[in-house]
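Chemist: Below is coords-v2.pdb; it holds PDB, C-alpha atoms.
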```
ATOM      1  CA  MET A   1      18.225 102.942  36.035
ATOM      2  CA  GLU A   2      20.549 105.627  34.668
ATOM      3  CA  LEU A   3      21.849 108.561  36.709
ATOM      4  CA  ASP A   4      23.340 111.618  35.079
ATOM      5  CA  GLY A   5      25.407 114.323  36.761
ATOM      6  CA  GLN A   6      22.336 116.378  37.601
ATOM      7  CA  ALA A   7      20.660 113.445  39.338
ATOM      8  CA  ILE A   8      23.812 112.737  41.336
ATOM      9  CA  GLY A   9      23.904 116.409  42.308
ATOM     10  CA  HIS A  10      20.332 116.168  43.645
ATOM     11  CA  ILE A  11      21.365 113.217  45.833
ATOM     12  CA  ILE A  12      24.318 115.169  47.237
ATOM     13  CA  ALA A  13      22.027 118.149  47.890
ATOM     14  CA  ARG A  14      19.680 115.929  49.894
ATOM     15  CA  LEU A  15      22.576 114.526  51.903
ATOM     16  CA  LEU A  16      23.657 118.090  52.709
ATOM     17  CA  ASP A  17      20.073 119.161  53.525
ATOM     18  CA  GLU A  18      20.360 122.018  51.068
ATOM     19  CA  PRO A  19      17.233 124.192  50.599
ATOM     20  CA  GLY A  20      15.221 123.238  47.530
ATOM     21  CA  ALA A  21      16.758 119.783  47.248
ATOM     22  CA  THR A  22      14.579 117.429  45.173
ATOM     23  CA  ALA A  23      12.386 115.201  47.320
ATOM     24  CA  GLU A  24      13.843 111.737  47.688
ATOM     25  CA  ARG A  25      11.835 108.948  46.111
ATOM     26  CA  ASP A  26      13.529 106.319  48.244
ATOM     27  CA  ARG A  27      12.936 106.777  51.943
ATOM     28  CA  THR A  28      13.625 105.175  55.293
ATOM     29  CA  ILE A  29      10.740 103.889  57.395
ATOM     30  CA  PRO A  30      11.693 103.724  61.092
ATOM     31  CA  THR A  31      10.557 100.642  62.978
ATOM     32  CA  LEU A  32      10.479 102.766  66.174
ATOM     33  CA  LEU A  33      12.595 100.062  67.834
ATOM     34  CA  SER A  34      15.503 102.386  68.496
ATOM     35  CA  GLU A  35      18.436  99.954  68.553
ATOM     36  CA  LEU A  36      17.145  98.123  65.479
ATOM     37  CA  ASP A  37      16.756 101.423  63.628
ATOM     38  CA  ASP A  38      20.323 102.309  64.563
ATOM     39  CA  LEU A  39      21.602  99.006  63.165
ATOM     40  CA  LEU A  40      19.545  99.378  59.977
ATOM     41  CA  ALA A  41      20.712 102.978  59.412
ATOM     42  CA  GLY A  42      17.285 104.407  60.185
ATOM     43  CA  GLY A  43      14.893 101.541  59.527
ATOM     44  CA  LEU A  44      13.372  99.774  56.542
ATOM     45  CA  ARG A  45      14.280 101.130  53.105
ATOM     46  CA  THR A  46      11.832 101.531  50.258
ATOM     47  CA  GLY A  47      12.802  99.460  47.246
ATOM     48  CA  GLN A  48      14.258  96.756  49.479
ATOM     49  CA  THR A  49      12.919  93.452  50.821
ATOM     50  CA  THR A  50      13.200  92.257  54.423
ATOM     51  CA  ILE A  51      12.381  88.793  55.735
ATOM     52  CA  VAL A  52      11.209  88.363  59.326
ATOM     53  CA  ALA A  53      11.575  84.777  60.551
ATOM     54  CA  SER A  54      11.262  82.791  63.733
ATOM     55  CA  ARG A  55      10.368  79.377  65.030
ATOM     56  CA  PRO A  56       6.645  78.751  65.586
ATOM     57  CA  GLY A  57       5.085  80.684  68.451
ATOM     58  CA  VAL A  58       7.859  83.261  68.815
ATOM     59  CA  GLY A  59       5.839  86.025  67.204
ATOM     60  CA  SER A  60       7.112  86.870  63.723
ATOM     61  CA  SER A  61       3.587  87.794  62.597
ATOM     62  CA  THR A  62       3.153  90.014  65.645
ATOM     63  CA  PHE A  63       6.508  91.646  64.953
ATOM     64  CA  ALA A  64       5.555  92.359  61.340
ATOM     65  CA  LEU A  65       2.183  93.789  62.358
ATOM     66  CA  GLY A  66       4.101  96.038  64.751
ATOM     67  CA  LEU A  67       6.100  97.377  61.812
ATOM     68  CA  ALA A  68       2.817  98.210  60.088
ATOM     69  CA  ARG A  69       1.480  99.928  63.215
ATOM     70  CA  ALA A  70       4.647 101.989  63.635
ATOM     71  CA  ALA A  71       4.505 103.130  60.017
ATOM     72  CA  ALA A  72       0.794 103.745  59.483
ATOM     73  CA  LEU A  73      -0.491 104.792  62.913
ATOM     74  CA  HIS A  74       2.548 106.664  64.199
ATOM     75  CA  GLN A  75       4.131 108.077  61.054
ATOM     76  CA  GLY A  76       1.246 108.345  58.586
ATOM     77  CA  ILE A  77       2.978 106.097  56.055
ATOM     78  CA  SER A  78       0.688 104.283  53.620
ATOM     79  CA  THR A  79       0.853 100.588  54.486
ATOM     80  CA  LEU A  80      -0.656  97.338  53.226
ATOM     81  CA  VAL A  81      -0.789  94.107  55.255
ATOM     82  CA  ILE A  82      -1.695  90.875  53.458
ATOM     83  CA  THR A  83      -2.233  87.919  55.753
ATOM     84  CA  PRO A  84      -4.107  85.047  54.107
ATOM     85  CA  ASP A  85      -3.704  82.632  57.012
ATOM     86  CA  ALA A  86      -5.504  84.737  59.639
ATOM     87  CA  PRO A  87      -9.075  86.070  59.864
ATOM     88  CA  GLU A  88      -9.443  89.822  59.550
ATOM     89  CA  SER A  89     -11.040  90.171  62.987
ATOM     90  CA  GLU A  90      -8.028  88.525  64.648
ATOM     91  CA  VAL A  91      -5.538  90.804  62.891
ATOM     92  CA  VAL A  92      -7.538  93.901  63.810
ATOM     93  CA  MET A  93      -7.898  92.784  67.434
ATOM     94  CA  ARG A  94      -4.134  92.349  67.710
ATOM     95  CA  LEU A  95      -3.593  95.781  66.209
ATOM     96  CA  ILE A  96      -6.036  97.358  68.680
ATOM     97  CA  SER A  97      -4.452  95.510  71.601
ATOM     98  CA  ALA A  98      -0.970  96.738  70.711
ATOM     99  CA  GLU A  99      -2.094 100.322  70.204
ATOM    100  CA  THR A 100      -4.301 100.623  73.306
ATOM    101  CA  HIS A 101      -2.228  98.387  75.648
ATOM    102  CA  VAL A 102      -5.413  96.489  76.435
ATOM    103  CA  PRO A 103      -4.723  92.730  76.732
ATOM    104  CA  LEU A 104      -5.972  90.762  73.753
ATOM    105  CA  GLN A 105      -7.968  88.360  75.888
ATOM    106  CA  ARG A 106      -9.888  91.225  77.479
ATOM    107  CA  LEU A 107     -10.728  92.610  74.050
ATOM    108  CA  ARG A 108     -11.945  89.209  72.924
ATOM    109  CA  SER A 109     -14.141  88.824  76.009
ATOM    110  CA  ARG A 110     -15.297  92.475  75.816
ATOM    111  CA  ALA A 111     -14.689  92.677  79.555
ATOM    112  CA  LEU A 112     -13.120  96.136  79.641
ATOM    113  CA  ASP A 113     -12.781  98.227  82.765
ATOM    114  CA  HIS A 114     -13.177 102.007  82.674
ATOM    115  CA  VAL A 115      -9.458 102.639  82.118
ATOM    116  CA  GLU A 116      -9.327 100.250  79.163
ATOM    117  CA  THR A 117     -12.514 101.734  77.732
ATOM    118  CA  ARG A 118     -10.959 105.198  77.940
ATOM    119  CA  ARG A 119      -7.824 104.006  76.153
ATOM    120  CA  LEU A 120      -9.903 102.498  73.368
ATOM    121  CA  ARG A 121     -11.850 105.719  72.922
ATOM    122  CA  GLU A 122      -8.678 107.815  72.963
ATOM    123  CA  ARG A 123      -7.027 105.689  70.255
ATOM    124  CA  ARG A 124     -10.117 105.222  68.122
ATOM    125  CA  GLY A 125      -9.469 108.221  65.890
ATOM    126  CA  ARG A 126      -5.884 107.187  65.177
ATOM    127  CA  LEU A 127      -6.932 103.614  64.417
ATOM    128  CA  GLU A 128      -9.754 104.655  62.099
ATOM    129  CA  SER A 129      -7.830 107.323  60.191
ATOM    130  CA  ALA A 130      -4.498 105.549  59.709
ATOM    131  CA  PRO A 131      -3.417 104.924  56.076
ATOM    132  CA  LEU A 132      -3.519 101.177  56.674
ATOM    133  CA  THR A 133      -5.159  98.490  54.537
ATOM    134  CA  ILE A 134      -5.486  94.929  55.844
ATOM    135  CA  VAL A 135      -6.295  92.051  53.510
ATOM    136  CA  ALA A 136      -6.956  88.880  55.492
ATOM    137  CA  GLY A 137      -8.285  85.473  54.549
ATOM    138  CA  SER A 138      -8.361  84.109  51.005
ATOM    139  CA  PRO A 139      -6.399  86.291  48.569
ATOM    140  CA  PRO A 140      -8.938  88.286  46.524
ATOM    141  CA  ALA A 141      -6.894  88.083  43.316
ATOM    142  CA  GLY A 142      -6.569  84.287  43.365
ATOM    143  CA  THR A 143      -3.023  83.738  44.582
ATOM    144  CA  LEU A 144      -1.032  85.641  47.155
ATOM    145  CA  VAL A 145       1.421  86.904  44.547
ATOM    146  CA  ASP A 146      -1.382  88.069  42.235
ATOM    147  CA  THR A 147      -2.966  89.936  45.145
ATOM    148  CA  VAL A 148       0.314  91.673  45.978
ATOM    149  CA  GLY A 149       0.762  92.648  42.345
ATOM    150  CA  ALA A 150      -2.791  93.937  41.920
ATOM    151  CA  MET A 151      -2.942  95.943  45.141
ATOM    152  CA  THR A 152       0.486  97.521  44.853
ATOM    153  CA  PHE A 153      -0.315  98.517  41.275
ATOM    154  CA  GLU A 154      -3.571 100.196  42.292
ATOM    155  CA  GLU A 155      -2.439 101.965  45.482
ATOM    156  CA  ASP A 156       0.373 104.384  46.314
ATOM    157  CA  LEU A 157       2.111 102.436  49.063
ATOM    158  CA  HIS A 158       5.366 102.819  50.967
ATOM    159  CA  LEU A 159       5.258  99.646  53.093
ATOM    160  CA  VAL A 160       3.862  96.231  52.138
ATOM    161  CA  ILE A 161       3.840  93.306  54.571
ATOM    162  CA  VAL A 162       3.148  89.794  53.281
ATOM    163  CA  ASP A 163       2.489  87.195  55.969
ATOM    164  CA  GLY A 164       1.942  83.752  54.483
ATOM    165  CA  LEU A 165       4.567  82.140  52.274
ATOM    166  CA  THR A 166       2.568  78.902  52.389
ATOM    167  CA  SER A 167      -0.110  80.594  50.252
ATOM    168  CA  LEU A 168       2.141  81.573  47.368
ATOM    169  CA  GLY A 169       0.686  79.228  44.756
ATOM    170  CA  VAL A 170       3.993  78.987  42.822
ATOM    171  CA  SER A 171       7.573  78.155  43.717
ATOM    172  CA  THR A 172       8.859  80.134  46.672
ATOM    173  CA  ARG A 173      11.853  81.541  44.825
ATOM    174  CA  GLU A 174       9.849  82.613  41.786
ATOM    175  CA  ALA A 175       7.168  84.269  43.918
ATOM    176  CA  VAL A 176       9.586  86.131  46.187
ATOM    177  CA  ALA A 177      11.694  87.256  43.222
ATOM    178  CA  ARG A 178       8.603  88.741  41.562
ATOM    179  CA  MET A 179       7.577  90.568  44.719
ATOM    180  CA  CYS A 180      11.122  91.894  45.246
ATOM    181  CA  ALA A 181      11.151  93.210  41.681
ATOM    182  CA  TRP A 182       7.832  95.022  42.198
ATOM    183  CA  ALA A 183       9.144  96.583  45.425
ATOM    184  CA  ARG A 184      12.215  97.918  43.615
ATOM    185  CA  GLN A 185      10.166  99.156  40.675
ATOM    186  CA  ASP A 186       7.430 100.859  42.709
ATOM    187  CA  HIS A 187       9.703 102.012  45.548
ATOM    188  CA  TYR A 188       8.009 100.507  48.586
ATOM    189  CA  ALA A 189       9.549  98.570  51.452
ATOM    190  CA  LEU A 190       8.528  94.908  51.326
ATOM    191  CA  VAL A 191       8.462  92.743  54.456
ATOM    192  CA  ILE A 192       7.865  89.007  54.099
ATOM    193  CA  VAL A 193       7.130  86.836  57.126
ATOM    194  CA  ALA A 194       8.902  83.529  56.604
ATOM    195  CA  GLY A 195       7.345  82.164  59.756
ATOM    196  CA  VAL A 196       9.604  79.226  60.631
ATOM    197  CA  LEU A 197      13.212  78.153  60.772
ATOM    198  CA  SER A 198      14.586  74.713  60.152
ATOM    199  CA  THR A 199      15.421  72.936  63.390
ATOM    200  CA  ARG A 200      19.063  72.989  64.433
ATOM    201  CA  THR A 201      19.876  70.734  67.372
ATOM    202  CA  GLY A 202      22.767  70.631  69.752
ATOM    203  CA  SER A 203      23.762  74.280  69.461
ATOM    204  CA  ASP A 204      23.427  77.285  71.716
ATOM    205  CA  THR A 205      24.820  79.691  69.146
ATOM    206  CA  ALA A 206      22.750  82.500  67.656
ATOM    207  CA  PRO A 207      20.689  81.786  64.534
ATOM    208  CA  ARG A 208      22.464  82.048  61.211
ATOM    209  CA  LEU A 209      21.302  82.875  57.717
ATOM    210  CA  ASP A 210      21.478  79.232  56.664
ATOM    211  CA  ASP A 211      19.005  78.313  59.432
ATOM    212  CA  LEU A 212      16.285  80.017  57.426
ATOM    213  CA  ARG A 213      13.848  77.596  55.863
ATOM    214  CA  ASN A 214      14.111  77.824  52.056
ATOM    215  CA  HIS A 215      17.501  79.441  52.631
ATOM    216  CA  ASP A 216      18.787  78.347  49.224
ATOM    217  CA  SER A 217      15.736  79.893  47.530
ATOM    218  CA  LEU A 218      15.544  83.165  49.432
ATOM    219  CA  ALA A 219      18.867  84.284  50.888
ATOM    220  CA  ASP A 220      20.407  85.745  47.751
ATOM    221  CA  ILE A 221      17.361  87.644  46.462
ATOM    222  CA  VAL A 222      16.304  89.556  49.579
ATOM    223  CA  ASP A 223      18.165  92.472  51.124
ATOM    224  CA  THR A 224      17.742  91.960  54.872
ATOM    225  CA  VAL A 225      16.879  88.994  57.092
ATOM    226  CA  LEU A 226      15.741  89.419  60.698
ATOM    227  CA  VAL A 227      15.518  86.358  62.939
ATOM    228  CA  LEU A 228      13.685  86.525  66.262
ATOM    229  CA  GLU A 229      14.998  84.456  69.160
ATOM    230  CA  PRO A 230      13.282  84.478  72.582
ATOM    231  CA  GLN A 231      15.341  85.021  75.712
ATOM    232  CA  ALA A 232      14.154  85.212  79.318
ATOM    233  CA  PRO A 233      10.657  86.746  79.103
ATOM    234  CA  PRO A 234       9.853  89.367  78.050
ATOM    235  CA  GLU A 235      13.111  89.782  76.145
ATOM    236  CA  VAL A 236      13.639  88.751  72.524
ATOM    237  CA  ASP A 237      16.776  89.045  70.434
ATOM    238  CA  VAL A 238      16.420  90.374  66.909
ATOM    239  CA  HIS A 239      19.317  89.005  64.882
ATOM    240  CA  VAL A 240      20.095  90.864  61.670
ATOM    241  CA  VAL A 241      21.700  87.896  59.906
ATOM    242  CA  LYS A 242      21.772  89.530  56.479
ATOM    243  CA  HIS A 243      22.023  93.226  55.658
ATOM    244  CA  ARG A 244      23.023  93.814  52.064
ATOM    245  CA  TYR A 245      23.941  97.476  52.519
ATOM    246  CA  GLY A 246      25.123  97.570  56.109
ATOM    247  CA  PRO A 247      26.333  95.670  59.170
ATOM    248  CA  THR A 248      24.754  92.616  60.752
ATOM    249  CA  GLY A 249      24.304  92.278  64.487
ATOM    250  CA  THR A 250      21.864  91.645  67.310
ATOM    251  CA  VAL A 251      19.592  93.924  69.292
ATOM    252  CA  ARG A 252      17.303  93.097  72.182
ATOM    253  CA  VAL A 253      13.686  94.200  72.508
ATOM    254  CA  ALA A 254      10.755  93.369  74.769
ATOM    255  CA  HIS A 255       7.774  91.285  73.667
ATOM    256  CA  SER A 256       4.543  92.126  75.455
ATOM    257  CA  ALA A 257       2.720  88.939  74.481
ATOM    258  CA  HIS A 258      -0.572  89.810  76.181
ATOM    259  CA  THR A 259      -0.838  93.059  74.210
ATOM    260  CA  CYS A 260       0.709  91.734  70.965
ATOM    261  CA  ALA A 261       3.504  94.306  70.877
ATOM    262  CA  TYR A 262       7.256  94.502  70.532
ATOM    263  CA  VAL A 263       8.675  97.519  72.327
ATOM    264  CA  ASN A 264      11.987  99.056  73.335
ATOM    265  CA  LEU A 265      13.516  97.782  76.547
ATOM    266  CA  PRO A 266      13.553 100.328  79.378
ATOM    267  CA  ALA A 267      16.761 102.313  79.546
ATOM    268  CA  SER A 268      19.143 100.818  82.091
ATOM    269  CA  SER A 269      19.682 102.960  85.136
TER     270      SER A 269
END
```
Turn this file's structure into structure tokens for me.
Modeler:
Amino acid sequence: MELDGQAIGHIIARLLDEPGATAERDRTIPTLLSELDDLLAGGLRTGQTTIVASRPGVGSSTFALGLARAAALHQGISTLVITPDAPESEVVMRLISAETHVPLQRLRSRALDHVETRRLRERRGRLESAPLTIVAGSPPAGTLVDTVGAMTFEEDLHLVIVDGLTSLGVSTREAVARMCAWARQDHYALVIVAGVLSTRTGSDTAPRLDDLRNHDSLADIVDTVLVLEPQAPPEVDVHVVKHRYGPTGTVRVAHSAHTCAYVNLPASS
């Protein structure tokens, strides 16, 4: 991409908040996890790719769905979630649980009390009108990568979340490189759930970038890597182990497992 003096001037005008400045094509999408947004200079960036990883059962899929909820339901940002390894009903139930604060098990059993019923009714409009598309189950375009390519070509999206590297259908590096290129070209933020980390024994140190499974295939082609590490419940550390355009570091959030949500920790008194 070439930038002339006029284009550079438009960027400076935006930085100075000058009236009439050209709208910025690249944008920041806040995660609404305040300390993480501070570390990431505002949140996820369109045109860039972020990996979310954890060991099994920690909740990387839940974390990624929370990014979608923050963007689509709370900021009106057009979002696509592709999750081939989970049924659509399960993904939607988790989304509803996080948004209404009704425990997932109570939603599944349909045993709601009057307070929970009121919450569901109050949030119904937001859930139904959000610019959010969920594609669950078998990829409609054949492979996961083909589905990402087809849907991002057809829709005007700002955030795309892909949960299911095991369904790629081609080599991991080739598939991720193609998706990263599409994100840069079409200017949407891409989040890929890696799902698991290789096991590292005999160490109490924080996770590192080279703990990531398929590290050699992925580390150099993505922009940011977030690794989730559980602490004493409900706390979870989010380690930013790679940040191409900024600092790395660790922030702590709370994981409400029964309502499928990651939230800010209460302010210390």
Chemist: Could you make a table, as a tab-separated table, of the residues of segment 58-157 of chain A that have an atom within 12 Å of an atom of segment 231-254 of chain A, each with its nearest atom pair and distance in Å to one decimal, counting all atoms listed in the file, in chain and number order?
Modeler:
```
residue	atom	partner	partner_atom	distance
A:Val58	CA	A:Val236	CA	8.8
A:Gly59	CA	A:Val236	CA	9.8
A:Ser60	CA	A:Val238	CA	10.4
A:Phe63	CA	A:Val238	CA	10.2
```
Chemist: Once the PyMOL selection byres ((chain A and resi 98-105) around 10) is applied to the coordinates I shared, what remains selected? I want it as a PyMOL selection string.
Modeler: chain A and resi 62+65-66+69-70+73-74+90+92-97+106-113+115-124+126-127+256-263
Chemist: Please report the interatomic distance between atom CA of Asp163 of chain A and atom CA of Thr205 of chain A in Å with one decimal.
Modeler: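 If I compute the distance from atom CA of Asp163 of chain A to atom CA of Thr205 of chain A, I get 27.0 Å.
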Chemist: Calculate how many Å separate atom CA of His255 of chain A from atom CA of Cys180 of chain A, rounding to one decimal.
Modeler: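 Atom-to-atom, atom CA of His255 of chain A to atom CA of Cys180 of chain A, that is 28.6 Å.
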Chemist: Translate the PyMOL selection byres ((chain A and resi 185) around 12), as applied to the file shown, into an explicit residue set as a VMD selection string.
Modeler: chain A and resid 1 25 to 26 46 to 49 149 152 to 153 158 178 to 184 186 to 190
Chemist: Would you export the selected residues with C-alpha atoms as a JSON list (two decimals), keeping the file's coordinate frame, please?
Modeler:
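Output contents, as saved in part33.json:
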```json
[["chain", "number", "residue", "atom", "x", "y", "z"],
["A", 1, "MET", "CA", 18.23, 102.94, 36.03],
["A", 25, "ARG", "CA", 11.84, 108.95, 46.11],
["A", 26, "ASP", "CA", 13.53, 106.32, 48.24],
["A", 46, "THR", "CA", 11.83, 101.53, 50.26],
["A", 47, "GLY", "CA", 12.80, 99.46, 47.25],
["A", 48, "GLN", "CA", 14.26, 96.76, 49.48],
["A", 49, "THR", "CA", 12.92, 93.45, 50.82],
["A", 149, "GLY", "CA", 0.76, 92.65, 42.34],
["A", 152, "THR", "CA", 0.49, 97.52, 44.85],
["A", 153, "PHE", "CA", -0.32, 98.52, 41.28],
["A", 158, "HIS", "CA", 5.37, 102.82, 50.97],
["A", 178, "ARG", "CA", 8.60, 88.74, 41.56],
["A", 179, "MET", "CA", 7.58, 90.57, 44.72],
["A", 180, "CYS", "CA", 11.12, 91.89, 45.25],
["A", 181, "ALA", "CA", 11.15, 93.21, 41.68],
["A", 182, "TRP", "CA", 7.83, 95.02, 42.20],
["A", 183, "ALA", "CA", 9.14, 96.58, 45.42],
["A", 184, "ARG", "CA", 12.22, 97.92, 43.62],
["A", 186, "ASP", "CA", 7.43, 100.86, 42.71],
["A", 187, "HIS", "CA", 9.70, 102.01, 45.55],
["A", 188, "TYR", "CA", 8.01, 100.51, 48.59],
["A", 189, "ALA", "CA", 9.55, 98.57, 51.45],
["A", 190, "LEU", "CA", 8.53, 94.91, 51.33]]
```
Chemist: Restrict the calculation to only C-alpha atoms, then for each residue of segment 22-122 of chain A with any atom at most 7 Å from an atom of segment 212-228 of chain A give the closest atom pair and their distance in Å to one decimal, rows by chain and rising residue number, as CSV.
Modeler:
```
residue,atom,partner,partner_atom,distance
A:Gln48,CA,A:Asp223,CA,6.0
A:Thr49,CA,A:Val222,CA,5.3
A:Thr50,CA,A:Thr224,CA,4.6
A:Ile51,CA,A:Val225,CA,4.7
A:Val52,CA,A:Leu226,CA,4.9
A:Ala53,CA,A:Val227,CA,4.9
A:Ser54,CA,A:Leu228,CA,5.1
```
Chemist: Given the file above and the PyMOL selection byres ((chain A and resi 83) around 8), which residues are selected, and can you give them as a list in words?
Modeler: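 The output of the PyMOL selection byres ((chain A and resi 83) around 8) on this file is Val81, Ile82, Pro84, Asp85, Ala86, Ile134, Val135, Ala136, Gly137, Val162, Asp163 and Gly164 of chain A.
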Chemist: Take the residues from that selection and write them out as a CSV table (one decimal), in the frame of the given file, keeping C-alpha atoms.
Modeler:
```csv
chain,number,residue,atom,x,y,z
A,81,VAL,CA,-0.8,94.1,55.3
A,82,ILE,CA,-1.7,90.9,53.5
A,84,PRO,CA,-4.1,85.0,54.1
A,85,ASP,CA,-3.7,82.6,57.0
A,86,ALA,CA,-5.5,84.7,59.6
A,134,ILE,CA,-5.5,94.9,55.8
A,135,VAL,CA,-6.3,92.1,53.5
A,136,ALA,CA,-7.0,88.9,55.5
A,137,GLY,CA,-8.3,85.5,54.5
A,162,VAL,CA,3.1,89.8,53.3
A,163,ASP,CA,2.5,87.2,56.0
A,164,GLY,CA,1.9,83.8,54.5
```
